[in-house]
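> You'll find coords-v3.cif just under this line, and it carries mmCIF, C-alpha atoms and all ligand atoms.
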data_input
#
loop_
_atom_site.label_atom_id
_atom_site.label_comp_id
_atom_site.auth_asym_id
_atom_site.auth_seq_id
_atom_site.Cartn_x
_atom_site.Cartn_y
_atom_site.Cartn_z
CA MET A 122 21.25 -2.01 -15.67
CA THR A 123 17.54 -1.74 -16.35
CA LYS A 124 15.70 0.56 -14.01
CA LYS A 125 12.44 -0.96 -12.84
CA TYR A 126 10.09 0.50 -10.27
CA MET A 127 7.20 -1.09 -8.42
CA ILE A 128 4.27 1.14 -7.51
CA ARG A 129 1.75 -0.04 -4.91
CA SER A 130 -1.32 2.14 -5.39
CA ASP A 131 -4.06 3.02 -2.95
CA ILE A 132 -6.69 5.76 -2.98
CA GLU A 133 -7.38 6.99 0.57
CA GLY A 134 -4.13 8.96 0.48
CA VAL A 135 -4.47 10.67 -2.89
CA THR A 136 -4.98 14.36 -3.53
CA GLY A 137 -8.26 15.82 -2.27
CA VAL A 138 -9.79 12.61 -0.88
CA VAL A 139 -11.05 12.92 2.70
CA SER A 140 -13.98 10.47 2.80
CA TYR A 141 -14.91 6.89 1.89
CA GLU A 142 -17.70 8.31 -0.26
CA GLN A 143 -14.83 9.51 -2.46
CA ALA A 144 -12.49 6.55 -1.96
CA ALA A 145 -14.74 3.48 -2.16
CA PRO A 146 -15.88 2.08 -5.52
CA GLY A 147 -19.65 2.48 -5.49
CA GLY A 148 -19.41 5.50 -3.19
CA SER A 149 -21.47 8.50 -4.31
CA GLU A 150 -18.36 10.60 -5.00
CA PHE A 151 -16.04 7.85 -6.23
CA ALA A 152 -15.73 9.41 -9.70
CA PHE A 153 -13.95 12.32 -8.01
CA GLY A 154 -11.65 10.03 -5.99
CA LYS A 155 -10.74 8.04 -9.06
CA ARG A 156 -10.02 11.19 -11.05
CA MET A 157 -7.69 12.40 -8.31
CA PHE A 158 -6.06 8.94 -8.13
CA MET A 159 -5.34 8.94 -11.86
CA SER A 160 -4.05 12.52 -11.64
CA ASP A 161 -1.52 11.51 -8.96
CA LEU A 162 -0.65 8.24 -10.73
CA MET A 163 -0.08 9.82 -14.15
CA ALA A 164 2.09 12.53 -12.56
CA LEU A 165 4.15 9.80 -10.91
CA ILE A 166 4.55 7.80 -14.13
CA GLU A 167 5.43 10.92 -16.10
CA GLY A 168 8.05 11.90 -13.54
CA LEU A 169 9.59 8.42 -13.48
CA ASN A 170 9.77 8.35 -17.27
CA GLN A 171 11.34 11.81 -17.36
CA GLY A 172 13.98 10.46 -15.00
CA GLY A 173 14.68 7.64 -17.46
CA VAL A 174 13.12 4.45 -16.07
CA ASP A 175 12.83 1.42 -18.32
CA GLU A 176 9.90 -0.36 -16.76
CA ILE A 177 7.12 0.35 -14.26
CA VAL A 178 4.83 -2.22 -12.66
CA ILE A 179 1.79 -1.18 -10.61
CA TYR A 180 0.01 -3.42 -8.13
CA ASP A 181 -3.43 -1.89 -7.53
CA GLU A 182 -4.21 -2.75 -3.91
CA HIS A 183 -7.29 -0.60 -3.38
CA PHE A 184 -10.52 -2.53 -2.76
CA ASP A 185 -10.89 -5.06 -5.61
CA GLY A 186 -7.88 -3.76 -7.49
CA ARG A 187 -9.85 -2.40 -10.44
CA ASN A 188 -9.14 1.31 -10.20
CA ILE A 189 -6.59 1.98 -12.94
CA ASP A 190 -7.56 3.37 -16.33
CA ILE A 191 -5.36 1.10 -18.40
CA ASP A 192 -6.05 3.15 -21.53
CA MET A 193 -4.07 6.03 -20.03
CA LEU A 194 -0.87 4.10 -19.34
CA PRO A 195 2.23 4.45 -21.52
CA GLN A 196 3.69 1.29 -23.06
CA ASN A 197 6.38 0.68 -20.44
CA VAL A 198 3.83 0.39 -17.62
CA THR A 199 2.03 -2.82 -16.66
CA ALA A 200 -0.64 -3.07 -14.01
CA ILE A 201 -1.52 -6.02 -11.81
CA CYS A 202 -5.27 -5.73 -11.42
CA GLY A 203 -7.99 -7.61 -9.56
CA LYS A 204 -5.99 -8.19 -6.35
CA PRO A 205 -4.37 -11.59 -7.03
CA PRO A 206 -3.27 -12.85 -3.58
CA TYR A 207 0.37 -12.57 -2.56
CA LYS A 208 2.11 -15.93 -2.21
CA ALA A 209 5.34 -16.77 -0.40
CA ASP A 210 7.12 -16.91 -3.77
CA TRP A 211 5.07 -14.14 -5.48
CA ALA A 212 5.06 -10.79 -3.75
CA GLY A 213 2.52 -9.04 -5.94
CA GLY A 214 5.02 -8.91 -8.80
CA LEU A 215 7.94 -7.65 -6.71
CA ASP A 216 11.31 -9.34 -6.88
CA GLU A 217 15.00 -8.50 -6.58
CA THR A 218 15.16 -7.01 -10.09
CA PHE A 219 13.41 -3.80 -8.98
CA SER A 220 15.37 -0.65 -8.12
CA GLY A 221 12.78 0.69 -5.74
CA LEU A 222 9.29 0.59 -4.27
CA ILE A 223 6.92 3.57 -4.47
CA LEU A 224 3.77 3.84 -2.38
CA LEU A 225 1.15 6.08 -4.00
CA GLY A 226 -1.94 7.35 -2.21
CA PHE A 227 -1.27 5.74 1.16
CA HIS A 228 -2.55 6.62 4.64
CA SER A 229 -1.74 5.95 8.29
CA LYS A 230 -2.51 2.73 10.12
CA GLN A 231 -5.66 1.85 12.05
CA ASN A 232 -6.34 3.83 15.23
CA THR A 233 -4.12 6.85 14.54
CA GLY A 234 -7.26 9.01 14.30
CA GLU A 235 -5.73 10.65 11.21
CA LEU A 236 -7.23 10.96 7.69
CA LEU A 237 -8.97 7.70 6.63
CA HIS A 238 -6.73 5.66 8.95
CA HIS A 239 -7.05 1.88 8.58
CA SER A 240 -4.96 -1.23 8.06
CA TYR A 241 -6.28 -3.25 5.13
CA GLU A 242 -9.59 -4.67 6.44
CA PRO A 243 -11.60 -2.56 8.88
CA ASP A 244 -11.60 -5.74 11.04
CA ILE A 245 -7.87 -5.38 11.69
CA LYS A 246 -7.12 -3.52 14.91
CA ASP A 247 -3.35 -3.82 14.69
CA LEU A 248 -0.55 -5.57 12.83
CA VAL A 249 2.54 -6.17 14.92
CA LEU A 250 5.68 -7.21 13.06
CA ASN A 251 8.45 -8.35 15.41
CA GLY A 252 7.14 -6.02 18.10
CA ILE A 253 6.58 -3.02 15.82
CA SER A 254 3.03 -1.87 15.20
CA VAL A 255 2.63 -1.33 11.44
CA GLY A 256 -0.07 -0.59 8.89
CA GLU A 257 -0.18 -0.96 5.14
CA ILE A 258 2.92 1.22 4.72
CA GLY A 259 4.96 -1.02 7.04
CA ILE A 260 3.77 -4.32 5.60
CA GLU A 261 4.40 -3.33 1.98
CA THR A 262 7.80 -1.87 2.87
CA ALA A 263 8.82 -5.02 4.76
CA ILE A 264 7.65 -7.27 1.92
CA ALA A 265 9.83 -5.26 -0.48
CA GLY A 266 12.65 -5.60 2.08
CA ASP A 267 12.47 -9.39 1.71
CA TRP A 268 13.51 -8.91 -1.90
CA GLY A 269 16.19 -6.32 -1.12
CA VAL A 270 14.08 -3.50 -2.57
CA PRO A 271 14.02 -0.17 -0.68
CA LEU A 272 11.02 2.11 -0.28
CA GLN A 273 12.16 5.20 -2.19
CA LEU A 274 9.09 7.42 -2.44
CA ILE A 275 5.72 7.76 -0.75
CA THR A 276 2.81 10.02 -1.58
CA ALA A 277 0.22 10.21 1.20
CA ASP A 278 -1.46 12.54 3.65
CA SER A 279 0.85 14.11 6.24
CA ALA A 280 0.24 11.31 8.76
CA GLY A 281 1.04 8.62 6.20
CA VAL A 282 4.25 10.42 5.25
CA LYS A 283 5.27 10.62 8.92
CA GLU A 284 4.57 6.91 9.41
CA ALA A 285 6.80 6.04 6.44
CA LYS A 286 9.61 8.33 7.61
CA ASP A 287 9.56 6.77 11.07
CA LEU A 288 10.29 3.40 9.43
CA VAL A 289 12.53 4.55 6.58
CA PRO A 290 14.06 7.91 7.54
CA ASN A 291 15.55 8.73 4.12
CA VAL A 292 12.50 7.98 2.01
CA ALA A 293 11.49 10.75 -0.42
CA SER A 294 7.93 11.96 0.11
CA VAL A 295 5.12 14.12 -1.13
CA SER A 296 2.40 15.10 1.34
CA VAL A 297 -0.64 15.87 -0.83
CA LYS A 298 -2.83 16.96 2.10
CA GLN A 299 -2.44 17.77 5.75
CA SER A 300 -4.41 15.46 8.01
CA LEU A 301 -6.44 17.28 10.66
CA CYS A 302 -8.75 14.42 11.68
CA ALA A 303 -10.18 11.17 10.30
CA ASN A 304 -12.42 12.94 7.79
CA GLY A 305 -10.86 16.32 7.24
CA GLY A 306 -7.67 18.05 6.23
CA VAL A 307 -6.03 20.81 4.25
CA CYS A 308 -5.92 19.72 0.60
CA LEU A 309 -3.44 21.09 -1.90
CA SER A 310 -4.45 21.87 -5.48
CA ALA A 311 -4.25 18.86 -7.79
CA GLN A 312 -2.21 20.96 -10.19
CA LEU A 313 0.33 21.60 -7.46
CA THR A 314 0.46 18.01 -6.18
CA ALA A 315 0.89 16.70 -9.74
CA LYS A 316 3.92 18.98 -10.10
CA MET A 317 5.30 17.92 -6.71
CA ILE A 318 4.82 14.20 -7.43
CA GLN A 319 6.30 14.46 -10.90
CA GLU A 320 9.38 16.30 -9.64
CA ALA A 321 9.90 13.90 -6.73
CA ALA A 322 9.61 10.91 -9.08
CA THR A 323 12.18 12.28 -11.53
CA GLU A 324 14.50 13.05 -8.63
CA ILE A 325 14.46 9.51 -7.15
CA VAL A 326 15.42 8.02 -10.51
CA LYS A 327 18.26 10.49 -11.06
CA ASN A 328 19.42 10.63 -7.44
CA PRO A 329 18.02 7.66 -5.51
CA PRO A 330 17.49 8.50 -1.82
CA ALA A 331 19.74 6.70 0.67
CA SER A 332 16.88 4.54 1.90
CA GLU A 333 17.79 0.98 2.83
CA PRO A 334 15.54 -2.06 2.27
CA TRP A 335 13.63 -2.73 5.52
CA LYS A 336 14.67 -6.32 6.16
CA ILE A 337 13.04 -8.32 8.94
CA ALA A 338 14.82 -11.52 9.92
CA ASN A 339 12.75 -14.35 11.47
CA PRO A 340 9.48 -12.48 11.07
CA GLU A 341 6.61 -12.93 13.50
CA LEU A 342 3.41 -11.23 12.45
CA LYS A 343 0.67 -10.74 14.99
CA VAL A 344 -2.73 -9.83 13.55
CA VAL A 345 -5.08 -8.34 16.15
CA PHE A 346 -8.78 -8.14 15.29
CA ASN A 347 -11.58 -5.76 16.20
CA SER A 348 -14.59 -7.52 17.66
CA GLY A 349 -17.14 -8.70 15.14
CA SER A 350 -18.07 -11.60 12.92
CA TYR A 351 -14.70 -11.67 11.11
CA ARG A 352 -12.85 -12.05 14.39
CA ASP A 353 -15.33 -14.75 15.48
CA LYS A 354 -14.89 -16.65 12.21
CA PHE A 355 -11.10 -16.54 12.60
CA GLY A 356 -11.46 -17.92 16.11
CA GLU A 357 -13.67 -20.74 14.89
CA LEU A 358 -11.55 -21.68 11.85
CA PHE A 359 -8.07 -21.24 13.29
CA ASN A 360 -8.62 -21.78 16.98
CA CYS A 361 -7.56 -18.32 18.15
CA ASP A 362 -9.08 -15.63 20.34
CA GLY A 363 -8.90 -12.10 19.02
CA GLU A 364 -5.43 -12.36 17.52
CA ILE A 365 -3.27 -14.73 15.56
CA LEU A 366 0.50 -15.14 15.35
CA ILE A 367 2.00 -16.09 12.00
CA CYS A 368 5.65 -17.16 11.71
CA GLU A 369 7.15 -17.91 8.29
CA ASP A 370 10.59 -17.54 6.69
CA THR A 371 9.81 -14.10 5.25
CA VAL A 372 7.36 -11.25 5.73
CA THR A 373 6.04 -12.07 2.26
CA GLY A 374 5.38 -15.60 3.52
CA CYS A 375 3.63 -14.30 6.66
CA TRP A 376 1.43 -11.98 4.68
CA ALA A 377 0.65 -14.69 2.10
CA GLU A 378 -0.37 -16.98 4.96
CA TYR A 379 -2.64 -14.30 6.47
CA TRP A 380 -4.14 -13.71 3.01
CA LYS A 381 -4.97 -17.43 2.68
CA MET A 382 -6.68 -17.36 6.08
CA LYS A 383 -8.54 -14.18 5.18
CA LEU A 384 -9.94 -15.70 1.99
CA LYS A 385 -10.98 -18.82 3.89
CA ALA A 386 -12.72 -16.74 6.58
CA GLN A 387 -14.43 -14.51 4.02
CA GLU A 388 -15.59 -17.57 2.07
CA ALA A 389 -16.97 -19.16 5.24
CA MET A 390 -18.85 -15.95 6.09
CA LYS A 391 -20.77 -15.92 2.79
ZN ZN B 401 -5.28 1.37 2.14
#
Since I need it in another form, could you write the structure as C-alpha cells?
Ligand SMILES: [Zn+2]


Amino acid sequence: MTKKYMIRSDIEGVTGVVSYEQAAPGGSEFAFGKRMFMSDLMALIEGLNQGGVDEIVIYDEHFDGRNIDIDMLPQNVTAICGKPPYKADWAGGLDETFSGLILLGFHSKQNTGELLHHSYEPDIKDLVLNGISVGEIGIETAIAGDWGVPLQLITADSAGVKEAKDLVPNVASVSVKQSLCANGGVCLSAQLTAKMIQEAATEIVKNPPASEPWKIANPELKVVFNSGSYRDKFGELFNCDGEILICEDTVTGCWAEYWKMKLKAQEAMK
C-alpha cells in the first residue's frame, strides 16, 4: 500500500516565532519566521522520507498560502498553495487514500491567552463543533476524520500540543516552544527542534501511533464572532446576530459552507 501523508502547515506555531511581526507576511521580521517555518517543514519532510513514505502533500493554510519555498521540496512532495477554498467534496486535497494527517506549526485556539492564540480569522471568537469548543487544530482534525484519516503528529507550542492531545490522546507531538503568554515563551534551538521533528516523523511512518480518526456524525458547527464590521456584515448578509449555526452532512461540508460565507462577507466589505 502506498504511504501518503497530508501536512497542513501554519506558521504561528513554528520554532522561535512569538510575534505576528515574525509570523505575518509583510511583518518586519517575517524573513525570520519563514526561515524557521522552512526549517521545521524540511525536517518533517526529511523524517517522513527516512521512514519510507511514498508521497507527501502539503496544504499551506497560513495567510494567503504562499509561504513554501517550492524550490526546496523533494520530488515526492506537492504543495497546495494560494489557499483554494475547501469544498464539500474537496477537503484541501485530503481524501481516504492518506495514511495520516500532520499539523505543522500550529497554535491554540482563540481566547486561551497562550502563544499567538487565534482561530483562523481574528474575527472568530469561538468555533463550537457539536458542543465542543475547537480551534484550527480541532477543525482540521475533524475534517480529516470525515475521510477516515487520523491526526498522527502535531508540531506546535506547548499549548497547541495540549489542545491536540485533549482531542486525540495518542497523537505523536513535538513541542517546539513552551508558551508562557500570548507573546512570549521558552524557545528551543532550531537545531534541536529539527532533530526532534525529524525523529518523530520517521517514527510515525515506521510505527504509526494508535490515534483514531476524529469522526463527527451529524455535525453542527457554530461560529461565534467578535464584535466588529465582519460580524455586522455576517448579520446583514445571512440574517444572524453574533453567531451562525451551520449543519451539513460532514464537517468538511460545514467548513466549506462557512468558507463560502466568509468570502462573500469579505467581498462585500471591500
Ligand atoms: Zn493558524

> Can you pull out every residue with an atom within 12 Å of ligand ZN 401 (chain B)? Use only C-alpha atoms and all ligand atoms and format it as a ChimeraX atom specification.

/A:129-135,141,144-145,181-186,224-231,236-243,245,256-261,277-278,281

> Just checking: using all atoms listed in the file, which residue out of A:Phe346, A:Trp376, A:Phe219, A:Trp211 ends up closest to Asp362 (chain A)?

A:Phe346

> Could you pull the residues within 12 Å of region 191-197 of chain A, counting all atoms listed in the file, minus those fewer than 2 positions along the same chain, as an mmCIF file with C-alpha atoms, in the frame of the given file?


data_model
loop_
_atom_site.group_PDB
_atom_site.id
_atom_site.type_symbol
_atom_site.label_atom_id
_atom_site.label_comp_id
_atom_site.auth_asym_id
_atom_site.auth_seq_id
_atom_site.Cartn_x
_atom_site.Cartn_y
_atom_site.Cartn_z
ATOM 1 C CA LYS A 124 15.700 0.560 -14.010
ATOM 2 C CA LYS A 125 12.440 -0.960 -12.840
ATOM 3 C CA TYR A 126 10.090 0.500 -10.270
ATOM 4 C CA ARG A 156 -10.020 11.190 -11.050
ATOM 5 C CA MET A 159 -5.340 8.940 -11.860
ATOM 6 C CA SER A 160 -4.050 12.520 -11.640
ATOM 7 C CA LEU A 162 -0.650 8.240 -10.730
ATOM 8 C CA MET A 163 -0.080 9.820 -14.150
ATOM 9 C CA ALA A 164 2.090 12.530 -12.560
ATOM 10 C CA LEU A 165 4.150 9.800 -10.910
ATOM 11 C CA ILE A 166 4.550 7.800 -14.130
ATOM 12 C CA GLU A 167 5.430 10.920 -16.100
ATOM 13 C CA LEU A 169 9.590 8.420 -13.480
ATOM 14 C CA ASN A 170 9.770 8.350 -17.270
ATOM 15 C CA GLY A 173 14.680 7.640 -17.460
ATOM 16 C CA VAL A 174 13.120 4.450 -16.070
ATOM 17 C CA ASP A 175 12.830 1.420 -18.320
ATOM 18 C CA GLU A 176 9.900 -0.360 -16.760
ATOM 19 C CA ILE A 177 7.120 0.350 -14.260
ATOM 20 C CA VAL A 178 4.830 -2.220 -12.660
ATOM 21 C CA ILE A 179 1.790 -1.180 -10.610
ATOM 22 C CA ASP A 181 -3.430 -1.890 -7.530
ATOM 23 C CA ARG A 187 -9.850 -2.400 -10.440
ATOM 24 C CA ASN A 188 -9.140 1.310 -10.200
ATOM 25 C CA ILE A 189 -6.590 1.980 -12.940
ATOM 26 C CA THR A 199 2.030 -2.820 -16.660
ATOM 27 C CA ALA A 200 -0.640 -3.070 -14.010
ATOM 28 C CA ILE A 201 -1.520 -6.020 -11.810
ATOM 29 C CA CYS A 202 -5.270 -5.730 -11.420
#

> Please determine, counting all atoms listed in the file, which residue among A:Gly221, A:Pro205, A:Pro334, A:Gly266 has the shortest atom-to-atom distance to Pro290 (chain A).

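Selected residue with least distance to Pro290 (chain A): A:Pro334.
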
> How far is it from CA of Leu301 (chain A) to CA of Thr276 (chain A), in Å with one decimal?

17.0 Å

> Kindly provide, as lines of an AutoDock Vina configuration file, the centre and edge lengths (Å, one decimal) of an axis-aligned box around all atoms of region 365-369 of chain A given in the file, with 8 Å on each side.


center_x = 1.9
center_y = -16.3
center_z = 11.9
size_x = 26.4
size_y = 19.2
size_z = 23.3

> Which value, in Å to one decimal, gives the distance between CA of Asn360 (chain A) and CA of Met382 (chain A)?

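Here the two named atoms are 11.9 Å from each other.
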
> In Å to one decimal, how far is CA of Glu320 (chain A) from CA of Gln273 (chain A)?

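Straight-line distance from CA of Gln273 (chain A) to CA of Glu320 (chain A) works out to 13.7 Å.
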
> Would you mind telling me which residue in A:Ile264, A:Val292, A:Ala322, A:Ala209 lies nearest to Gln171 (chain A) when using all atoms listed in the file?

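Ranked by minimum distance to Gln171 (chain A), first place goes to A:Ala322.
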
> Identify, on the basis of all atoms listed in the file, every residue whose closest approach to Asp370 (chain A) does not exceed 9 Å; exclude the query and any residue fewer than 6 positions from it along the same chain; express the result as a list in words.

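These residues fall inside the cut-off: Ala209, Ala338, Asn339 and Pro340 of chain A.
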
> Closest to Ser140 (chain A) among A:Ala315, A:Met390, A:Ala212, A:Cys302, using all atoms listed in the file?

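With all atoms listed in the file as the atom set, the closest residue is A:Cys302.
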
> Just checking: using only C-alpha atoms, which residue out of A:Tyr180, A:Ala263, A:Leu342, A:Ser310 ends up closest to Pro206 (chain A)?

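That would be A:Tyr180, the residue with the smallest distance to Pro206 (chain A).
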
> Just checking: using only C-alpha atoms, which residue out of A:Gly147, A:Gly137, A:Gly269, A:Gly154 ends up closest to Leu309 (chain A)?

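With only C-alpha atoms as the atom set, the closest residue is A:Gly137.
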
> Is it possible to get the residues within 12 Å of (1.2, -17.6, 5.5) (coordinates as in the file, counting only C-alpha atoms) written as a PyMOL selection string?

chain A and resi 206-210+340-344+365-384

> Just the residues within 7 Å of Ile275 (chain A), please, counting all atoms listed in the file, with nothing from its chain fewer than 4 positions along; format it as a list in words.

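Those residues are Ile223, Leu224, Leu225, Val282, Ala293, Ser294 and Val295 of chain A.
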
> Will you model N, CA, C and O atoms for region 360-377 of chain A and pass it back as a PDB file, in the coordinates of the input?


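Contents of result30.pdb, freshly written:
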ATOM      1  N   ASN A 360      -8.791 -21.544  15.563  1.00  0.00           N
ATOM      2  CA  ASN A 360      -8.620 -21.780  16.980  1.00  0.00           C
ATOM      3  C   ASN A 360      -7.796 -20.682  17.665  1.00  0.00           C
ATOM      4  O   ASN A 360      -6.750 -20.945  18.268  1.00  0.00           O
ATOM      5  N   CYS A 361      -8.250 -19.435  17.507  1.00  0.00           N
ATOM      6  CA  CYS A 361      -7.560 -18.320  18.150  1.00  0.00           C
ATOM      7  C   CYS A 361      -8.604 -17.408  18.780  1.00  0.00           C
ATOM      8  O   CYS A 361      -9.787 -17.524  18.494  1.00  0.00           O
ATOM      9  N   ASP A 362      -8.136 -16.491  19.641  1.00  0.00           N
ATOM     10  CA  ASP A 362      -9.080 -15.630  20.340  1.00  0.00           C
ATOM     11  C   ASP A 362      -8.663 -14.165  20.216  1.00  0.00           C
ATOM     12  O   ASP A 362      -7.903 -13.651  21.028  1.00  0.00           O
ATOM     13  N   GLY A 363      -9.142 -13.529  19.160  1.00  0.00           N
ATOM     14  CA  GLY A 363      -8.900 -12.100  19.020  1.00  0.00           C
ATOM     15  C   GLY A 363      -7.603 -11.718  18.335  1.00  0.00           C
ATOM     16  O   GLY A 363      -7.442 -10.590  17.878  1.00  0.00           O
ATOM     17  N   GLU A 364      -6.663 -12.649  18.260  1.00  0.00           N
ATOM     18  CA  GLU A 364      -5.430 -12.360  17.520  1.00  0.00           C
ATOM     19  C   GLU A 364      -4.801 -13.656  17.060  1.00  0.00           C
ATOM     20  O   GLU A 364      -5.120 -14.729  17.577  1.00  0.00           O
ATOM     21  N   ILE A 365      -3.935 -13.519  16.054  1.00  0.00           N
ATOM     22  CA  ILE A 365      -3.270 -14.730  15.560  1.00  0.00           C
ATOM     23  C   ILE A 365      -1.808 -14.402  15.271  1.00  0.00           C
ATOM     24  O   ILE A 365      -1.486 -13.307  14.816  1.00  0.00           O
ATOM     25  N   LEU A 366      -0.926 -15.342  15.586  1.00  0.00           N
ATOM     26  CA  LEU A 366       0.500 -15.140  15.350  1.00  0.00           C
ATOM     27  C   LEU A 366       0.940 -16.006  14.178  1.00  0.00           C
ATOM     28  O   LEU A 366       0.692 -17.206  14.164  1.00  0.00           O
ATOM     29  N   ILE A 367       1.570 -15.367  13.197  1.00  0.00           N
ATOM     30  CA  ILE A 367       2.000 -16.090  12.000  1.00  0.00           C
ATOM     31  C   ILE A 367       3.523 -15.993  11.879  1.00  0.00           C
ATOM     32  O   ILE A 367       4.085 -14.898  11.860  1.00  0.00           O
ATOM     33  N   CYS A 368       4.187 -17.124  11.824  1.00  0.00           N
ATOM     34  CA  CYS A 368       5.650 -17.160  11.710  1.00  0.00           C
ATOM     35  C   CYS A 368       6.025 -17.930  10.446  1.00  0.00           C
ATOM     36  O   CYS A 368       5.692 -19.097  10.317  1.00  0.00           O
ATOM     37  N   GLU A 369       6.680 -17.262   9.524  1.00  0.00           N
ATOM     38  CA  GLU A 369       7.150 -17.910   8.290  1.00  0.00           C
ATOM     39  C   GLU A 369       8.584 -17.432   8.047  1.00  0.00           C
ATOM     40  O   GLU A 369       9.111 -16.646   8.813  1.00  0.00           O
ATOM     41  N   ASP A 370       9.197 -17.909   6.964  1.00  0.00           N
ATOM     42  CA  ASP A 370      10.590 -17.540   6.690  1.00  0.00           C
ATOM     43  C   ASP A 370      10.754 -16.061   6.346  1.00  0.00           C
ATOM     44  O   ASP A 370      11.791 -15.459   6.604  1.00  0.00           O
ATOM     45  N   THR A 371       9.721 -15.494   5.706  1.00  0.00           N
ATOM     46  CA  THR A 371       9.810 -14.100   5.250  1.00  0.00           C
ATOM     47  C   THR A 371       8.515 -13.368   5.600  1.00  0.00           C
ATOM     48  O   THR A 371       7.497 -13.991   5.902  1.00  0.00           O
ATOM     49  N   VAL A 372       8.570 -12.039   5.527  1.00  0.00           N
ATOM     50  CA  VAL A 372       7.360 -11.250   5.730  1.00  0.00           C
ATOM     51  C   VAL A 372       6.362 -11.547   4.601  1.00  0.00           C
ATOM     52  O   VAL A 372       5.160 -11.656   4.827  1.00  0.00           O
ATOM     53  N   THR A 373       6.905 -11.701   3.394  1.00  0.00           N
ATOM     54  CA  THR A 373       6.040 -12.070   2.260  1.00  0.00           C
ATOM     55  C   THR A 373       5.282 -13.352   2.590  1.00  0.00           C
ATOM     56  O   THR A 373       4.074 -13.456   2.348  1.00  0.00           O
ATOM     57  N   GLY A 374       6.000 -14.325   3.148  1.00  0.00           N
ATOM     58  CA  GLY A 374       5.380 -15.600   3.520  1.00  0.00           C
ATOM     59  C   GLY A 374       4.326 -15.422   4.601  1.00  0.00           C
ATOM     60  O   GLY A 374       3.250 -16.037   4.539  1.00  0.00           O
ATOM     61  N   CYS A 375       4.615 -14.578   5.588  1.00  0.00           N
ATOM     62  CA  CYS A 375       3.630 -14.300   6.660  1.00  0.00           C
ATOM     63  C   CYS A 375       2.373 -13.674   6.082  1.00  0.00           C
ATOM     64  O   CYS A 375       1.260 -14.060   6.419  1.00  0.00           O
ATOM     65  N   TRP A 376       2.575 -12.688   5.216  1.00  0.00           N
ATOM     66  CA  TRP A 376       1.430 -11.980   4.680  1.00  0.00           C
ATOM     67  C   TRP A 376       0.618 -12.884   3.753  1.00  0.00           C
ATOM     68  O   TRP A 376      -0.609 -12.849   3.727  1.00  0.00           O
ATOM     69  N   ALA A 377       1.328 -13.733   2.977  1.00  0.00           N
ATOM     70  CA  ALA A 377       0.650 -14.690   2.100  1.00  0.00           C
ATOM     71  C   ALA A 377      -0.190 -15.659   2.931  1.00  0.00           C
ATOM     72  O   ALA A 377      -1.305 -16.026   2.552  1.00  0.00           O
TER      73      ALA A 377
END
